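Text of protein_21.cif, listed as mmCIF, C-alpha atoms and all ligand atoms:
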```cif
data_structure
#
loop_
_atom_site.label_atom_id
_atom_site.label_comp_id
_atom_site.auth_asym_id
_atom_site.auth_seq_id
_atom_site.Cartn_x
_atom_site.Cartn_y
_atom_site.Cartn_z
CA GLN W 225 -18.80 -7.10 0.68
CA CYS W 226 -15.45 -5.32 0.44
CA VAL W 227 -13.59 -5.71 -2.84
CA LEU W 228 -9.96 -4.70 -3.27
CA THR W 229 -9.87 -4.43 -7.04
CA GLY W 230 -10.24 -0.96 -8.53
CA SER W 231 -8.72 2.47 -7.96
CA TRP W 232 -8.05 3.97 -4.53
CA ILE W 233 -6.72 7.26 -3.15
CA ASN W 234 -5.29 7.96 0.31
CA GLU W 235 -5.11 11.08 2.49
CA LEU W 236 -1.73 12.03 1.02
CA GLY W 237 -3.20 12.05 -2.48
CA SER W 238 -1.40 8.86 -3.52
CA ASN W 239 -3.42 6.58 -5.74
CA MET W 240 -3.22 2.96 -6.65
CA THR W 241 -5.02 0.59 -8.95
CA ILE W 242 -5.42 -3.05 -7.99
CA SER W 243 -6.11 -5.37 -10.87
CA SER W 244 -5.92 -9.06 -11.60
CA MET W 245 -7.16 -10.70 -8.39
CA SER W 246 -6.50 -14.43 -8.69
CA LYS W 247 -8.64 -17.17 -7.16
CA ASN W 248 -6.16 -17.74 -4.35
CA GLY W 249 -6.16 -14.04 -3.41
CA ASN W 250 -2.92 -12.95 -5.06
CA PHE W 251 -3.11 -9.58 -6.78
CA SER W 252 -0.99 -7.01 -8.54
CA GLY W 253 -1.36 -3.37 -9.42
CA LEU W 254 0.25 0.03 -9.77
CA TYR W 255 1.00 2.66 -7.13
CA TYR W 256 1.44 6.35 -7.83
CA THR W 257 2.71 8.02 -4.66
CA ALA W 258 2.08 11.73 -4.11
CA VAL W 259 5.14 12.08 -1.86
CA THR W 260 8.68 10.77 -1.64
CA ALA W 261 11.50 10.75 0.90
CA THR W 262 13.96 11.10 -2.00
CA LYS W 263 14.89 13.81 -4.47
CA GLU W 264 13.96 11.56 -7.39
CA LYS W 265 11.17 12.25 -9.84
CA ILE W 266 8.12 10.20 -8.82
CA LYS W 267 7.13 7.40 -11.19
CA VAL W 268 4.36 4.81 -11.17
CA SER W 269 5.58 1.69 -9.36
CA PRO W 270 4.40 -1.92 -9.33
CA LEU W 271 2.75 -3.55 -6.33
CA GLN W 272 2.15 -7.18 -5.51
CA GLY W 273 -0.05 -8.47 -2.74
CA SER W 274 -2.15 -11.13 -1.21
CA GLN W 275 -5.66 -11.02 0.24
CA HIS W 276 -7.15 -13.37 2.78
CA HIS W 277 -10.11 -14.88 1.00
CA LYS W 278 -11.74 -16.99 3.70
CA ASN W 279 -13.24 -14.10 5.61
CA GLU W 280 -16.73 -14.72 6.97
CA GLN W 281 -17.73 -11.05 7.11
CA ASN W 282 -16.16 -10.30 3.73
CA GLN W 283 -13.97 -7.56 5.19
CA PRO W 284 -10.69 -9.21 4.25
CA THR W 285 -7.20 -8.57 5.54
CA PHE W 286 -4.45 -8.12 2.97
CA GLY W 287 -0.86 -7.12 2.45
CA PHE W 288 1.12 -5.78 -0.48
CA THR W 289 4.63 -4.70 -1.34
CA VAL W 290 5.54 -1.69 -3.48
CA ASN W 291 8.88 -1.99 -5.25
CA TRP W 292 9.56 1.70 -5.97
CA SER W 293 10.70 2.11 -9.54
CA PHE W 294 12.39 5.49 -8.92
CA SER W 295 14.16 4.79 -5.60
CA ASP W 296 16.01 1.99 -3.80
CA SER W 297 13.30 1.74 -1.14
CA THR W 298 10.61 -0.85 -0.51
CA THR W 299 7.29 -0.35 1.27
CA VAL W 300 5.05 -3.06 2.70
CA PHE W 301 1.44 -2.28 3.55
CA THR W 302 -0.86 -4.44 5.64
CA GLY W 303 -4.48 -3.70 6.34
CA GLN W 304 -8.13 -4.53 6.17
CA CYS W 305 -10.95 -3.63 3.79
CA PHE W 306 -14.01 -2.33 5.68
CA VAL W 307 -17.53 -1.41 4.62
CA GLU W 308 -18.60 1.70 6.54
CA GLU W 309 -22.14 2.28 7.79
CA ASN W 310 -22.86 4.43 4.73
CA GLY W 311 -21.91 1.49 2.52
CA LYS W 312 -18.59 3.00 1.39
CA GLU W 313 -15.51 0.82 1.32
CA ILE W 314 -12.28 1.93 3.00
CA LEU W 315 -8.86 0.37 3.36
CA ARG W 316 -7.20 0.87 6.74
CA THR W 317 -3.48 0.21 6.38
CA THR W 318 -0.21 0.36 8.26
CA TRP W 319 3.06 0.58 6.32
CA LEU W 320 6.77 0.09 6.79
CA LEU W 321 9.10 1.97 4.45
CA ARG W 322 12.64 0.67 4.18
CA GLN W 323 15.22 3.00 2.70
CA GLU W 324 18.60 1.83 1.53
CA VAL W 325 21.51 2.92 3.71
CA HIS W 326 25.13 2.47 2.78
CA ASN W 327 26.48 1.52 6.15
CA LEU W 328 25.39 -0.98 8.80
CA ARG W 329 25.77 1.79 11.36
CA ASP W 330 22.88 3.60 9.66
CA ASP W 331 20.52 0.63 9.88
CA TRP W 332 18.74 2.09 12.91
CA LYS W 333 17.29 4.96 10.89
CA ALA W 334 16.40 3.09 7.73
CA THR W 335 12.83 2.01 8.53
CA SER W 336 9.82 4.25 9.03
CA ILE W 337 6.26 3.37 9.95
CA GLY W 338 2.94 5.02 9.32
CA SER W 339 -0.67 4.52 8.40
CA ASN W 340 -2.82 5.36 5.40
CA VAL W 341 -6.57 5.26 4.79
CA PHE W 342 -7.71 4.64 1.22
CA THR W 343 -11.12 5.41 -0.27
CA ARG W 344 -12.42 4.64 -3.75
CA PHE W 345 -11.09 6.92 -6.47
CA GLN W 346 -13.70 8.03 -9.11
C1 LIG A 401 10.57 6.70 -1.61
O1 LIG A 401 10.40 7.81 -1.13
O2 LIG A 401 11.70 6.14 -1.61
C2 LIG A 401 9.46 5.94 -2.26
C3 LIG A 401 8.11 6.53 -2.04
C4 LIG A 401 7.57 6.26 -0.66
C5 LIG A 401 6.17 6.80 -0.47
C6 LIG A 401 5.60 6.52 0.90
S1 LIG A 401 5.13 4.82 1.11
C7 LIG A 401 4.21 5.19 2.55
C8 LIG A 401 3.55 6.54 2.33
N1 LIG A 401 2.26 6.39 1.71
C9 LIG A 401 2.22 6.89 0.48
O3 LIG A 401 1.22 6.89 -0.25
N2 LIG A 401 3.42 7.40 0.15
C10 LIG A 401 4.35 7.31 1.25
#
```
In structure tokens, what does this structure look like?
Ligand code: BTN
Amino acid sequence: QCVLTGSWINELGSNMTISSMSKNGNFSGLYYTAVTATKEKIKVSPLQGSQHHKNEQNQPTFGFTVNWSFSDSTTVFTGQCFVEENGKEILRTTWLLRQEVHNLRDDWKATSIGSNVFTRFQ
């Protein structure tokens, strides 16, 4: 059984806490990124997501959005919660980061993509 609630850390050192999982799979939490594409001071930012709850193997897919409180950017993560052979849970995710650009001509460079792997924190 893979459970999304709790605290997680990724390979960049970013950590997040997912709390308040509702019956229909909606959840919210807080994200503290270790890195930023901006020159702003990093602050804890809210996240909101949704988990697929009808998963036979209990390794659910999910997605969440981080609305960065210290920048104009938005990141969406999508992924799956897995239980490894050693019994440890991991979250395999892919993200899209959208930065705000001030001109339509800059739209082409405004979105970046990457992946993050999260393991339980503490
Ligand atoms: C910004 O720079 O405007 C906001 C912070 C973005 C942090 C990105 S989101 C994808 C990647 N994974 C992380 O944990 N942090 C970076």
Would you mind listing, for every residue of stretch 254-330 of chain W within 12 Å of stretch 229-237 of chain W, the two atoms forming the shortest contact and the distance between them in Å to one decimal, using only C-alpha atoms, sorted by chain and ascending residue number, as CSV?
```
residue,atom,partner,partner_atom,distance
W:Leu254,CA,W:Ser231,CA,9.5
W:Tyr255,CA,W:Trp232,CA,9.5
W:Tyr256,CA,W:Gly237,CA,9.1
W:Thr257,CA,W:Gly237,CA,7.5
W:Ala258,CA,W:Gly237,CA,5.5
W:Val259,CA,W:Leu236,CA,7.4
W:Thr260,CA,W:Leu236,CA,10.8
W:Gly273,CA,W:Thr229,CA,11.5
W:Ser274,CA,W:Thr229,CA,11.8
W:Gln275,CA,W:Thr229,CA,10.7
W:Phe286,CA,W:Thr229,CA,12.0
W:Cys305,CA,W:Thr229,CA,10.9
W:Glu313,CA,W:Trp232,CA,10.0
W:Ile314,CA,W:Trp232,CA,8.9
W:Leu315,CA,W:Trp232,CA,8.7
W:Arg316,CA,W:Asn234,CA,9.8
W:Thr317,CA,W:Asn234,CA,10.0
```
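What separates atom C4 of ligand LIG 401 (chain A) from atom CA of W:Leu328 is a distance of 21.4 Å.
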Show me, as a PyMOL selection string, the residues that have an atom within 9 Å of W:Asp296 when counting only C-alpha atoms, minus same-chain residues fewer than 5 positions from it.
chain W and resi 291+322-324
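Shortest separation to ligand LIG 401 (chain A) among W:Arg329, W:His276, W:Lys263, W:Lys312 occurs at residue W:Lys263, atoms counted being all atoms listed in the file.
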Ligand LIG 401 (chain A) neighbours within 6 Å using only C-alpha atoms and all ligand atoms, as JSON, numbers by chain
{"W": [238, 257, 259, 260, 261, 262, 292, 295, 297, 299, 321]}
Same residues, C-alpha atoms, output as a PDB file, in the frame of the given file:
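Produced file result30.pdb, reproduced below:
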```
ATOM      1  CA  SER W 238      -1.400   8.860  -3.520  1.00  0.00           C
ATOM      2  CA  THR W 257       2.710   8.020  -4.660  1.00  0.00           C
ATOM      3  CA  VAL W 259       5.140  12.080  -1.860  1.00  0.00           C
ATOM      4  CA  THR W 260       8.680  10.770  -1.640  1.00  0.00           C
ATOM      5  CA  ALA W 261      11.500  10.750   0.900  1.00  0.00           C
ATOM      6  CA  THR W 262      13.960  11.100  -2.000  1.00  0.00           C
ATOM      7  CA  TRP W 292       9.560   1.700  -5.970  1.00  0.00           C
ATOM      8  CA  SER W 295      14.160   4.790  -5.600  1.00  0.00           C
ATOM      9  CA  SER W 297      13.300   1.740  -1.140  1.00  0.00           C
ATOM     10  CA  THR W 299       7.290  -0.350   1.270  1.00  0.00           C
ATOM     11  CA  LEU W 321       9.100   1.970   4.450  1.00  0.00           C
TER      12      LEU W 321
END
```
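Summary of the local environment: counting all atoms listed in the file, residues at most 6 Å from W:Trp319, other than itself and those fewer than 4 positions away along its chain, are Val300, Phe301, Ile337, Gly338 and Ser339 of chain W.
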Atom CA of W:Ser243 to atom CA of W:Arg344, straight-line distance in Å
13.8 Å
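The gap separating atom CA of W:Ile266 from atom CA of W:Lys333 is 22.4 Å, in Å to one decimal.
With only C-alpha atoms taken into account, the protein and nucleic acid residues at most 9 Å from W:Ser244 (excluding it and anything under 6 positions from it in its own chain) are W:Thr229, W:Asn250, W:Phe251, W:Ser252, W:Gly253.
Minimum atom-to-atom distance to W:Val268, evaluated using only C-alpha atoms, belongs to W:Met240 out of W:Trp332, W:Thr289, W:Met240, W:Gly249.
Checking W:Val325, W:Val341, W:Ser269, W:Val227 one by one against W:Thr302, counting all atoms listed in the file, you find the shortest gap at W:Val341.
Distance annotation: of W:Asn310, W:Leu320, W:Ser246, W:Lys267, the residue with the minimal separation from W:Phe294 is W:Lys267; atom set is all atoms listed in the file.
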Selection: 8 Å around W:Cys226, only C-alpha atoms, excl. self and same-chain fewer than 3 positions, as number ranges by chain
W: 282-284, 305-307, 313
Shortest contact to W:Gln304, candidates W:Asn340, W:Glu264, W:Asn248, W:Thr285, atoms counted all atoms listed in the file, goes to W:Thr285
